[in-house]
$ cat data01.txt   # compact mmCIF, C-alpha atoms
# COMPACT_ATOMS: atom_id res chain seq x y z
CA MET A 1002 9.68 13.15 108.77
CA ALA A 1003 7.90 11.89 111.84
CA LYS A 1004 4.13 12.14 111.87
CA THR A 1005 3.25 15.76 112.53
CA GLU A 1006 -0.19 16.78 113.70
CA ILE A 1007 -1.35 20.31 113.09
CA ARG A 1008 -4.48 22.11 114.12
CA VAL A 1009 -5.59 25.41 112.66
CA GLY A 1010 -8.23 27.35 114.59
CA GLY A 1011 -10.00 30.65 114.21
CA LEU A 1012 -13.25 32.21 113.14
CA GLY A 1013 -15.24 31.46 110.02
CA GLY A 1014 -14.19 33.96 107.36
CA GLN A 1015 -10.53 34.01 108.39
CA GLY A 1016 -9.62 31.30 105.93
CA VAL A 1017 -8.91 28.65 108.54
CA ILE A 1018 -9.84 25.76 106.27
CA LEU A 1019 -7.87 27.15 103.33
CA CYS A 1020 -4.85 27.55 105.60
CA GLY A 1021 -5.03 23.85 106.52
CA TYR A 1022 -5.79 22.88 102.95
CA ILE A 1023 -2.70 24.65 101.61
CA ILE A 1024 -0.44 23.07 104.22
CA GLY A 1025 -1.83 19.64 103.37
CA ARG A 1026 -1.56 20.28 99.66
CA ALA A 1027 2.03 21.50 99.96
CA ALA A 1028 2.88 18.31 101.82
CA ALA A 1029 0.96 15.78 99.74
CA ILE A 1030 1.12 17.21 96.22
CA PHE A 1031 4.36 19.16 96.22
CA SER A 1032 6.51 17.38 98.82
CA GLY A 1033 5.66 13.73 98.16
CA LYS A 1034 4.38 13.14 101.68
CA HIS A 1035 1.09 11.85 102.97
CA ALA A 1036 -1.43 14.29 104.38
CA THR A 1037 -4.98 14.32 105.66
CA LEU A 1038 -7.33 17.22 106.31
CA ILE A 1039 -10.39 17.30 108.51
CA GLN A 1040 -12.44 20.45 108.70
CA ALA A 1041 -15.00 21.56 111.24
CA PHE A 1042 -17.12 24.68 111.32
CA GLY A 1043 -20.03 26.01 113.29
CA PRO A 1044 -23.61 26.15 112.04
CA GLU A 1045 -23.13 29.68 110.79
CA ALA A 1046 -20.05 30.11 108.67
CA ARG A 1047 -18.79 33.64 109.11
CA GLY A 1048 -17.76 34.56 112.62
CA SER A 1049 -18.33 31.17 114.18
CA ALA A 1050 -15.69 28.83 115.52
CA CYS A 1051 -13.87 26.93 112.84
CA SER A 1052 -10.96 24.55 112.78
CA ALA A 1053 -8.97 22.27 110.54
CA GLN A 1054 -6.90 19.25 111.47
CA VAL A 1055 -3.96 18.40 109.25
CA THR A 1056 -1.72 15.39 109.61
CA VAL A 1057 1.51 15.11 107.64
CA ASP A 1058 3.70 12.02 107.52
CA ASP A 1059 6.17 10.18 105.34
CA GLU A 1060 4.09 7.05 105.83
CA PRO A 1061 0.44 6.49 104.97
CA ILE A 1062 -1.80 7.91 107.69
CA GLY A 1063 -4.13 5.44 109.37
CA TYR A 1064 -5.81 7.78 111.81
CA PRO A 1065 -6.47 11.32 110.62
CA TYR A 1066 -7.93 12.89 113.77
CA VAL A 1067 -5.77 15.31 115.71
CA THR A 1068 -6.31 15.28 119.44
CA HIS A 1069 -2.99 16.63 120.68
CA PRO A 1070 -1.34 18.65 117.93
CA ASP A 1071 2.39 19.17 117.58
CA ILE A 1072 1.67 22.53 116.02
CA LEU A 1073 -1.27 24.81 116.71
CA ILE A 1074 -2.01 27.77 114.45
CA VAL A 1075 -4.62 30.09 115.91
CA MET A 1076 -6.24 33.27 114.63
CA SER A 1077 -8.78 34.03 117.36
CA GLN A 1078 -8.81 34.14 121.14
CA ASP A 1079 -11.64 31.62 121.31
CA ALA A 1080 -9.66 29.15 119.22
CA TYR A 1081 -6.64 29.72 121.47
CA VAL A 1082 -8.67 29.10 124.63
CA GLN A 1083 -10.24 25.99 123.14
CA PHE A 1084 -7.22 24.38 121.55
CA ALA A 1085 -4.08 25.58 123.33
CA PRO A 1086 -4.50 23.20 126.31
CA GLN A 1087 -4.55 20.30 123.83
CA LEU A 1088 -1.07 21.07 122.46
CA LYS A 1089 1.54 18.39 123.02
CA PRO A 1090 4.14 19.33 125.66
CA GLY A 1091 7.10 20.75 123.74
CA GLY A 1092 4.81 21.61 120.83
CA MET A 1093 4.61 24.83 118.89
CA LEU A 1094 2.00 27.59 119.08
CA LEU A 1095 1.75 30.02 116.17
CA TYR A 1096 -0.69 32.81 116.89
CA GLU A 1097 -1.98 36.09 115.52
CA ASP A 1098 -0.52 38.33 118.17
CA GLU A 1099 -2.83 41.32 117.79
CA LEU A 1100 -5.92 39.13 118.19
CA ILE A 1101 -4.69 36.71 120.81
CA THR A 1102 -3.18 37.14 124.24
CA PRO A 1103 -1.52 33.90 125.33
CA ASP A 1104 -1.84 32.97 129.00
CA ASP A 1105 0.29 30.84 131.30
CA LYS A 1106 -1.79 27.71 130.81
CA LEU A 1107 0.21 26.33 127.90
CA PRO A 1108 1.53 22.79 128.26
CA ALA A 1109 5.15 22.49 129.36
CA GLY A 1110 7.83 23.37 126.87
CA VAL A 1111 5.53 24.87 124.25
CA LYS A 1112 7.30 27.32 121.97
CA ALA A 1113 4.92 30.24 121.31
CA LEU A 1114 5.54 32.52 118.34
CA GLY A 1115 3.29 35.45 117.43
CA ILE A 1116 2.83 37.45 114.24
CA PRO A 1117 0.74 40.56 113.53
CA ALA A 1118 -0.71 38.78 110.52
CA THR A 1119 -3.84 40.92 110.17
CA ARG A 1120 -1.80 44.10 110.08
CA PHE A 1121 0.61 42.59 107.57
CA ALA A 1122 -2.32 41.50 105.40
CA GLU A 1123 -3.80 44.99 105.51
CA GLU A 1124 -0.46 46.55 104.60
CA ILE A 1125 -0.13 44.15 101.68
CA GLY A 1126 -3.54 45.27 100.44
CA ARG A 1127 -6.22 42.84 101.59
CA ARG A 1128 -7.16 41.78 105.09
CA LEU A 1129 -8.51 38.53 103.73
CA VAL A 1130 -5.01 37.18 103.04
CA LEU A 1131 -4.40 36.98 106.78
CA ASN A 1132 -4.53 33.20 106.51
CA ILE A 1133 -1.88 33.16 103.78
CA VAL A 1134 0.40 35.26 106.00
CA MET A 1135 -0.16 32.58 108.64
CA VAL A 1136 0.74 29.82 106.17
CA GLY A 1137 3.99 31.66 105.40
CA PHE A 1138 4.63 32.12 109.11
CA PHE A 1139 4.09 28.39 109.60
CA ALA A 1140 6.52 27.54 106.79
CA GLY A 1141 9.21 29.96 108.01
CA SER A 1142 9.01 29.20 111.70
CA THR A 1143 8.65 25.40 111.57
CA GLY A 1144 10.74 24.55 108.49
CA LEU A 1145 8.47 21.53 108.16
CA LEU A 1146 7.95 21.98 104.42
CA GLU A 1147 10.11 23.46 101.68
CA PHE A 1148 9.07 27.02 100.95
CA GLY A 1149 8.89 26.25 97.22
CA ALA A 1150 6.30 23.54 97.87
CA VAL A 1151 4.19 25.90 99.95
CA GLU A 1152 4.51 28.59 97.30
CA ARG A 1153 3.25 26.20 94.63
CA ALA A 1154 0.39 25.10 96.85
CA VAL A 1155 -0.68 28.72 97.35
CA ARG A 1156 -0.40 29.50 93.65
CA ASP A 1157 -2.56 26.46 92.86
CA SER A 1158 -5.17 27.13 95.53
CA VAL A 1159 -6.10 30.79 95.20
CA PRO A 1160 -8.31 32.38 92.54
CA LYS A 1161 -6.60 33.19 89.26
CA GLY A 1162 -5.51 36.82 89.23
CA THR A 1163 -4.92 37.00 92.97
CA GLU A 1164 -1.72 34.97 92.96
CA ASP A 1165 0.68 37.91 93.21
CA LEU A 1166 -0.94 39.42 96.27
CA ASN A 1167 -1.29 36.04 97.93
CA LEU A 1168 2.35 35.18 97.25
CA ARG A 1169 3.43 38.51 98.73
CA ALA A 1170 1.41 37.66 101.82
CA LEU A 1171 3.05 34.25 101.94
CA ARG A 1172 6.56 35.69 101.63
CA LYS A 1173 5.88 38.29 104.30
CA GLY A 1174 4.76 35.62 106.74
CA HIS A 1175 7.65 33.38 105.79
CA GLU A 1176 10.28 36.07 106.31
CA TYR A 1177 8.78 37.00 109.64
CA GLY A 1178 8.66 33.34 110.64
CA LEU A 1179 12.34 32.86 109.83
CA GLU A 1180 13.25 35.96 111.85
CA VAL A 1181 11.14 35.10 114.87
CA ALA A 1182 12.22 31.47 114.91
CA ALA A 1183 15.89 32.52 114.77
CA VAL A 1184 15.44 34.90 117.71
CA LYS A 1185 13.58 32.34 119.82
CA THR A 1186 16.00 29.49 119.12
CA MET B 352 6.00 47.96 97.13
CA ARG B 353 8.95 47.02 94.98
CA LEU B 354 8.09 46.14 91.41
CA GLU B 355 9.28 42.64 90.71
CA GLY B 356 10.40 41.07 87.46
CA PHE B 357 11.93 44.16 85.87
CA PRO B 358 13.45 45.09 83.56
CA ARG B 359 11.65 42.93 81.05
CA GLU B 360 11.51 42.87 77.30
CA ALA B 361 8.37 43.20 75.20
CA THR B 362 8.17 42.23 71.56
CA LEU B 363 5.85 44.48 69.60
CA ARG B 364 3.59 43.36 66.78
CA ASP B 365 6.10 44.53 64.16
CA GLY B 366 8.93 42.55 65.76
CA ARG B 367 10.67 45.44 67.50
CA THR B 368 11.65 44.87 71.10
CA VAL B 369 11.48 47.42 73.89
CA LYS B 370 12.66 47.35 77.45
CA LEU B 371 9.99 47.90 80.11
CA ARG B 372 11.08 49.01 83.55
CA PRO B 373 10.12 51.21 86.50
CA ILE B 374 10.90 54.87 86.03
CA GLN B 375 14.07 56.04 87.81
CA PRO B 376 15.53 59.39 88.88
CA ASP B 377 18.02 59.62 86.03
CA ASP B 378 15.19 59.38 83.46
CA GLU B 379 14.53 63.08 83.89
CA THR B 380 16.17 64.18 80.62
CA THR B 381 14.90 61.37 78.40
CA LEU B 382 11.41 61.54 79.90
CA GLY B 383 11.29 65.26 79.22
CA GLU B 384 12.42 64.66 75.62
CA PHE B 385 9.81 61.94 75.16
CA TYR B 386 6.95 64.18 76.25
CA ARG B 387 8.24 67.21 74.36
CA ASP B 388 8.47 65.13 71.18
CA LEU B 389 4.85 63.99 71.37
CA PRO B 390 2.75 65.61 68.65
CA GLU B 391 0.64 68.47 69.92
CA GLU B 392 -2.58 66.60 69.30
CA ASP B 393 -1.39 63.83 71.65
CA ARG B 394 -0.17 66.31 74.24
CA LEU B 395 -3.53 68.05 74.30
CA PHE B 396 -5.06 65.03 75.96
CA LEU B 397 -2.55 65.02 78.80
CA ARG B 398 -3.57 66.56 82.11
CA GLU B 399 -0.36 68.54 82.61
CA ASP B 400 1.80 70.87 80.59
CA VAL B 401 4.61 68.44 79.94
CA ARG B 402 6.65 70.95 77.96
CA ARG B 403 7.11 73.15 80.99
CA PRO B 404 10.79 73.26 82.06
CA GLY B 405 11.28 71.15 85.16
CA TRP B 406 8.08 69.15 84.64
CA ALA B 407 9.85 65.79 84.18
CA GLU B 408 11.98 66.28 87.29
CA GLU B 409 8.90 67.20 89.36
CA PHE B 410 6.96 64.23 88.03
CA ILE B 411 9.73 61.75 88.77
CA HIS B 412 9.92 63.06 92.33
CA THR B 413 6.22 62.35 92.85
CA VAL B 414 6.63 58.70 91.85
CA ASP B 415 6.82 56.84 95.15
CA PHE B 416 5.81 53.38 93.83
CA ASP B 417 3.06 53.36 96.39
CA SER B 418 0.41 55.90 95.45
CA ILE B 419 2.06 56.75 92.12
CA ILE B 420 3.63 53.89 90.17
CA SER B 421 5.24 54.58 86.83
CA LEU B 422 6.77 52.43 84.12
CA VAL B 423 8.67 53.46 81.03
CA ALA B 424 9.34 51.71 77.74
CA GLU B 425 12.83 52.19 76.37
CA SER B 426 14.17 51.68 72.88
CA GLN B 427 17.70 52.56 71.83
CA GLU B 428 18.19 54.44 75.09
CA LYS B 429 15.19 56.65 74.42
CA ILE B 430 11.93 56.56 76.30
CA VAL B 431 9.14 55.66 73.90
CA GLY B 432 6.30 55.09 76.32
CA ASN B 433 5.22 55.93 79.83
CA ALA B 434 2.40 54.45 81.88
CA THR B 435 1.45 55.56 85.37
CA LEU B 436 -0.96 54.24 87.95
CA TYR B 437 -2.38 56.72 90.43
CA ARG B 438 -4.22 55.66 93.54
CA SER B 439 -5.39 57.32 96.69
CA ARG B 440 -4.29 55.68 99.91
CA HIS B 441 -7.18 57.21 101.83
CA GLY B 442 -10.82 58.06 101.42
CA TRP B 443 -13.78 56.62 99.64
CA SER B 444 -11.96 55.70 96.45
CA ALA B 445 -8.96 53.99 98.00
CA HIS B 446 -10.00 50.85 96.11
CA VAL B 447 -9.71 52.61 92.73
CA ALA B 448 -6.66 53.47 90.64
CA GLU B 449 -6.36 55.54 87.52
CA LEU B 450 -4.19 54.49 84.63
CA ARG B 451 -2.60 57.01 82.25
CA ILE B 452 -0.54 56.05 79.24
CA ALA B 453 1.44 57.92 76.61
CA VAL B 454 3.21 56.25 73.69
CA ALA B 455 5.49 57.81 71.07
CA ARG B 456 3.77 58.13 67.70
CA GLN B 457 6.08 55.68 65.90
CA PHE B 458 5.32 53.04 68.56
CA GLN B 459 1.56 53.48 68.59
CA ARG B 460 -0.67 50.69 67.25
CA HIS B 461 2.03 48.08 67.83
CA GLY B 462 0.93 46.80 71.23
CA LEU B 463 3.21 48.90 73.42
CA GLY B 464 0.38 50.67 75.26
CA THR B 465 -1.29 47.32 75.86
CA ALA B 466 1.93 45.84 77.21
CA LEU B 467 2.44 48.73 79.63
CA ALA B 468 -1.21 48.80 80.69
CA SER B 469 -1.28 45.06 81.19
CA LEU B 470 1.65 45.22 83.62
CA LEU B 471 0.07 48.00 85.62
CA VAL B 472 -3.34 46.32 85.72
CA ARG B 473 -1.66 43.22 87.09
CA HIS B 474 0.23 45.32 89.59
CA ALA B 475 -2.97 47.07 90.65
CA ILE B 476 -4.56 43.69 91.36
CA ALA B 477 -1.49 42.67 93.35
CA LEU B 478 -2.03 45.78 95.46
CA GLY B 479 -5.54 44.58 96.25
CA LEU B 480 -7.27 47.29 94.22
CA GLU B 481 -10.78 46.61 92.93
CA LYS B 482 -11.20 48.97 90.04
CA ILE B 483 -8.87 50.55 87.49
CA VAL B 484 -10.08 53.55 85.55
CA ALA B 485 -8.82 55.07 82.31
CA HIS B 486 -10.00 58.09 80.34
CA VAL B 487 -9.99 58.12 76.54
CA VAL B 488 -11.37 60.54 74.01
CA ASP B 489 -14.20 59.15 71.88
CA ASN B 490 -12.12 59.13 68.69
CA GLN B 491 -9.18 57.26 70.24
CA VAL B 492 -10.48 54.03 68.78
CA GLY B 493 -7.21 52.10 69.09
CA ALA B 494 -6.78 53.04 72.75
CA LYS B 495 -10.37 52.08 73.52
CA ARG B 496 -9.92 48.72 71.84
CA ALA B 497 -6.66 48.09 73.68
CA PHE B 498 -8.31 48.82 77.02
CA GLU B 499 -11.24 46.59 76.13
CA LYS B 500 -8.84 43.73 75.45
CA LEU B 501 -7.56 44.19 78.98
CA GLY B 502 -11.04 43.89 80.44
CA PHE B 503 -12.01 47.57 80.54
CA ARG B 504 -15.60 48.53 79.80
CA GLN B 505 -17.19 51.89 79.14
CA ASP B 506 -18.42 53.28 82.44
CA ALA B 507 -19.54 56.77 81.46
CA VAL B 508 -19.40 59.36 78.72
CA LEU B 509 -18.83 63.01 79.56
CA PRO B 510 -20.26 64.82 76.53
CA GLY B 511 -18.23 67.70 75.14
CA HIS B 512 -15.67 67.37 77.90
CA VAL B 513 -12.55 67.89 75.77
CA LYS B 514 -11.51 69.91 72.75
CA ASP B 515 -9.04 68.51 70.25
CA ILE B 516 -6.30 70.36 68.37
CA ARG B 517 -8.79 71.77 65.87
CA GLY B 518 -11.06 73.05 68.58
CA VAL B 519 -13.57 70.30 67.94
CA THR B 520 -15.45 69.37 71.07
CA ARG B 521 -15.29 65.68 71.85
CA ASP B 522 -16.70 63.29 74.42
CA LEU B 523 -14.52 61.91 77.16
CA VAL B 524 -15.09 58.22 77.78
CA VAL B 525 -14.49 56.85 81.25
CA MET B 526 -13.51 53.20 81.03
CA SER B 527 -13.04 50.92 83.96
CA ASN B 528 -11.82 47.44 84.70
CA ASP B 529 -13.71 46.11 87.67
CA VAL B 530 -11.61 43.37 89.24
CA SER B 531 -13.64 43.17 92.45
CA HIS B 532 -14.86 39.73 91.38
CA LEU B 533 -11.35 38.42 92.00
CA TRP B 534 -11.57 39.50 95.61
CA GLU B 535 -15.11 38.18 95.89
CA ALA B 536 -13.76 34.81 94.77
CA MET B 537 -10.99 35.06 97.35
CA ALA B 538 -13.50 36.06 100.04
CA ALA B 539 -15.62 33.03 99.14
CA LEU B 540 -12.55 30.84 99.42
CA VAL B 541 -11.73 32.05 102.93
CA SER B 542 -15.33 31.99 104.13
CA ASP B 543 -14.81 28.61 105.79
CA TYR B 544 -18.14 27.14 104.90
CA SER B 545 -17.64 24.90 101.89
CA PRO B 546 -18.05 21.30 103.03
CA THR B 547 -16.57 20.08 99.75
CA MET B 548 -13.26 21.95 99.95
CA GLY B 549 -10.36 19.55 99.82
CA GLU B 550 -12.27 16.75 98.15
$ encode --input "data01.txt" --output "structure tokens"
Amino acid sequence: MAKTEIRVGGLGGQGVILCGYIIGRAAAIFSGKHATLIQAFGPEARGSACSAQVTVDDEPIGYPYVTHPDILIVMSQDAYVQFAPQLKPGGMLLYEDELITPDDKLPAGVKALGIPATRFAEEIGRRLVLNIVMVGFFAGSTGLLEFGAVERAVRDSVPKGTEDLNLRALRKGHEYGLEVAAVKT
Amino acid sequence: MRLEGFPREATLRDGRTVKLRPIQPDDETTLGEFYRDLPEEDRLFLREDVRRPGWAEEFIHTVDFDSIISLVAESQEKIVGNATLYRSRHGWSAHVAELRIAVARQFQRHGLGTALASLLVRHAIALGLEKIVAHVVDNQVGAKRAFEKLGFRQDAVLPGHVKDIRGVTRDLVVMSNDVSHLWEAMAALVSDYSPTMGE
């Protein structure tokens, strides 16, 4: 695997950091790769801008900061406006499509895939698993990590007792990601 | 939501095994037999007249595995236990579900009710519910203990709310299992403020 730089952006309270953490954990702990995570949040947690930078590579990572991500996962319009212009040309944008309206300012060749993750999370039973739906969407649409590794990372990262609901959220996002990626290919 | 991981086997405390699975349309006859065979003193505590012809068929038709989720325990092709979770999809108690359980006399006190309840409690959590409620009569000591083992606590007592087979007035105990702390823990995890996460 070539070095892959990922940025996750959204609002505090959407589980942005956990989303990045699970991707990094799936890569480093359950896929035998190297991964780094950098997290940034505003002075107030809930509702403020928040982002995570994840780098995944087969080789040790010397520089963990993500300036031009290969993959951008966004869950708020503000995060989209702030980070979408930084995407690498030919990169991938994964966005919550009931919260974000993409514009025509994306770098050339960017593949943009949307998912109604909030609605899916509500249908599953808890809005707060929106981020786990996004993790599943990431896994299904990019194919960057084995689904089993991501599943184990989710199981290991969420509070005991909530695993079943979180794994349903993950599977929902994953299935949707596979479908959408197949249509857009 | 489809129930996953069924059918499954449960070994009771006396070594007997039973099959646990979601209720299905062709259970109508055996479910009716199960409820009709319950001793009258057990049937008295049920909310519906389960001996009424057509009751089992009507009940099975109400089970949609969304707002009404029902499991049965099967032994030698007979139903020996039934547990059902009821929840409202709308309104101010949409976060609450009610659990009702009935177990054949010869299978009581062997862990079957606990096994059924445990599966439905887990399922309720997987649905994102915050509170599961069960009603027991004050002298149903075994049932109370079984619920307590599953995390239920006494929420309220309704004095003189039921009458048993001898006409003795008894208290109805409302027990609940508050699992909202699980979702509070999840909310804390997605709050995006912990500077130590990932260390």
$ closest_residue --input "data01.txt" --among "A:Gly1174, A:Arg1120, A:Val1009, A:Arg1026" --to "A:Leu1088" --atoms "all atoms listed in the file"
A:Val1009
$ interface_residues --input "data01.txt" --of "chain A" --to "chain B" --cutoff "9 Å" --atoms "all atoms listed in the file" --output "PyMOL selection string"
chain A and resi 1012-1020+1022+1026+1038-1043+1045-1047+1051-1052+1125-1127+1129-1130+1132+1159-1167+1169
$ atom_distance --input "data01.txt" --atom1 "atom CA of B:Arg521" --atom2 "atom CA of B:Phe458"
24.4 Å
$ residues_around --input "data01.txt" --residues "B:Gln459" --least-positions-apart "6" --cutoff "12 Å" --atoms "only C-alpha atoms" --output "ChimeraX atom specification"
/B:363-365,389,393,431-432,452-453,465-466,491,493-494,497
$ residues_around --input "data01.txt" --residues "stretch 1056-1064 of chain A" --least-positions-apart "5" --cutoff "9 Å" --atoms "all atoms listed in the file" --output "list in words"
Met1002, Ala1003, Lys1004, Thr1005, Glu1006, Ile1007, Arg1008, Ile1024, Gly1025, Ala1028, Ala1029, Gly1033, Lys1034, His1035, Ala1036, Thr1037, Leu1038, Ile1039 and Pro1070 of chain A
$ write_last_selection --input "data01.txt" --atoms "C-alpha atoms" --output "mmCIF file, in the frame of the given file"
data_model
loop_
_atom_site.group_PDB
_atom_site.id
_atom_site.type_symbol
_atom_site.label_atom_id
_atom_site.label_comp_id
_atom_site.auth_asym_id
_atom_site.auth_seq_id
_atom_site.Cartn_x
_atom_site.Cartn_y
_atom_site.Cartn_z
ATOM 1 C CA MET A 1002 9.680 13.150 108.770
ATOM 2 C CA ALA A 1003 7.900 11.890 111.840
ATOM 3 C CA LYS A 1004 4.130 12.140 111.870
ATOM 4 C CA THR A 1005 3.250 15.760 112.530
ATOM 5 C CA GLU A 1006 -0.190 16.780 113.700
ATOM 6 C CA ILE A 1007 -1.350 20.310 113.090
ATOM 7 C CA ARG A 1008 -4.480 22.110 114.120
ATOM 8 C CA ILE A 1024 -0.440 23.070 104.220
ATOM 9 C CA GLY A 1025 -1.830 19.640 103.370
ATOM 10 C CA ALA A 1028 2.880 18.310 101.820
ATOM 11 C CA ALA A 1029 0.960 15.780 99.740
ATOM 12 C CA GLY A 1033 5.660 13.730 98.160
ATOM 13 C CA LYS A 1034 4.380 13.140 101.680
ATOM 14 C CA HIS A 1035 1.090 11.850 102.970
ATOM 15 C CA ALA A 1036 -1.430 14.290 104.380
ATOM 16 C CA THR A 1037 -4.980 14.320 105.660
ATOM 17 C CA LEU A 1038 -7.330 17.220 106.310
ATOM 18 C CA ILE A 1039 -10.390 17.300 108.510
ATOM 19 C CA PRO A 1070 -1.340 18.650 117.930
#
$ residues_near_point --input "data01.txt" --point "(2.9, 35.0, 111.9)" --cutoff "8 Å" --atoms "all atoms listed in the file" --output "VMD selection string"
chain A and resid 1095 to 1098 1114 to 1118 1134 to 1135 1137 to 1139 1174 to 1175 1177 to 1178
$ closest_residue --input "data01.txt" --among "B:Glu428, B:Asp415, B:Glu392, B:Glu409" --to "B:Val519" --atoms "only C-alpha atoms"
B:Glu392
$ atom_distance --input "data01.txt" --atom1 "atom CA of A:Arg1172" --atom2 "atom CA of B:Ile419"
23.5 Å
$ residues_around --input "data01.txt" --residues "stretch 402-408 of chain B" --least-positions-apart "3" --cutoff "6 Å" --atoms "all atoms listed in the file" --output "ChimeraX atom specification"
/B:379,383,387,411
$ atom_distance --input "data01.txt" --atom1 "atom CA of A:Arg1156" --atom2 "atom CA of A:Ile1023"
9.6 Å
$ residues_around --input "data01.txt" --residues "B:Ala455" --least-positions-apart "4" --cutoff "12 Å" --atoms "only C-alpha atoms" --output "list in words"
Leu382, Glu384, Phe385, Tyr386, Arg387, Asp388, Leu389, Pro390, Glu391, Asp393, Arg394, Val423, Ala424, Glu425, Ser426, Lys429, Ile430, Val431, Gly432, Asn433, Ala434, Gln459, Arg460, His461, Gly462, Leu463 and Gly464 of chain B
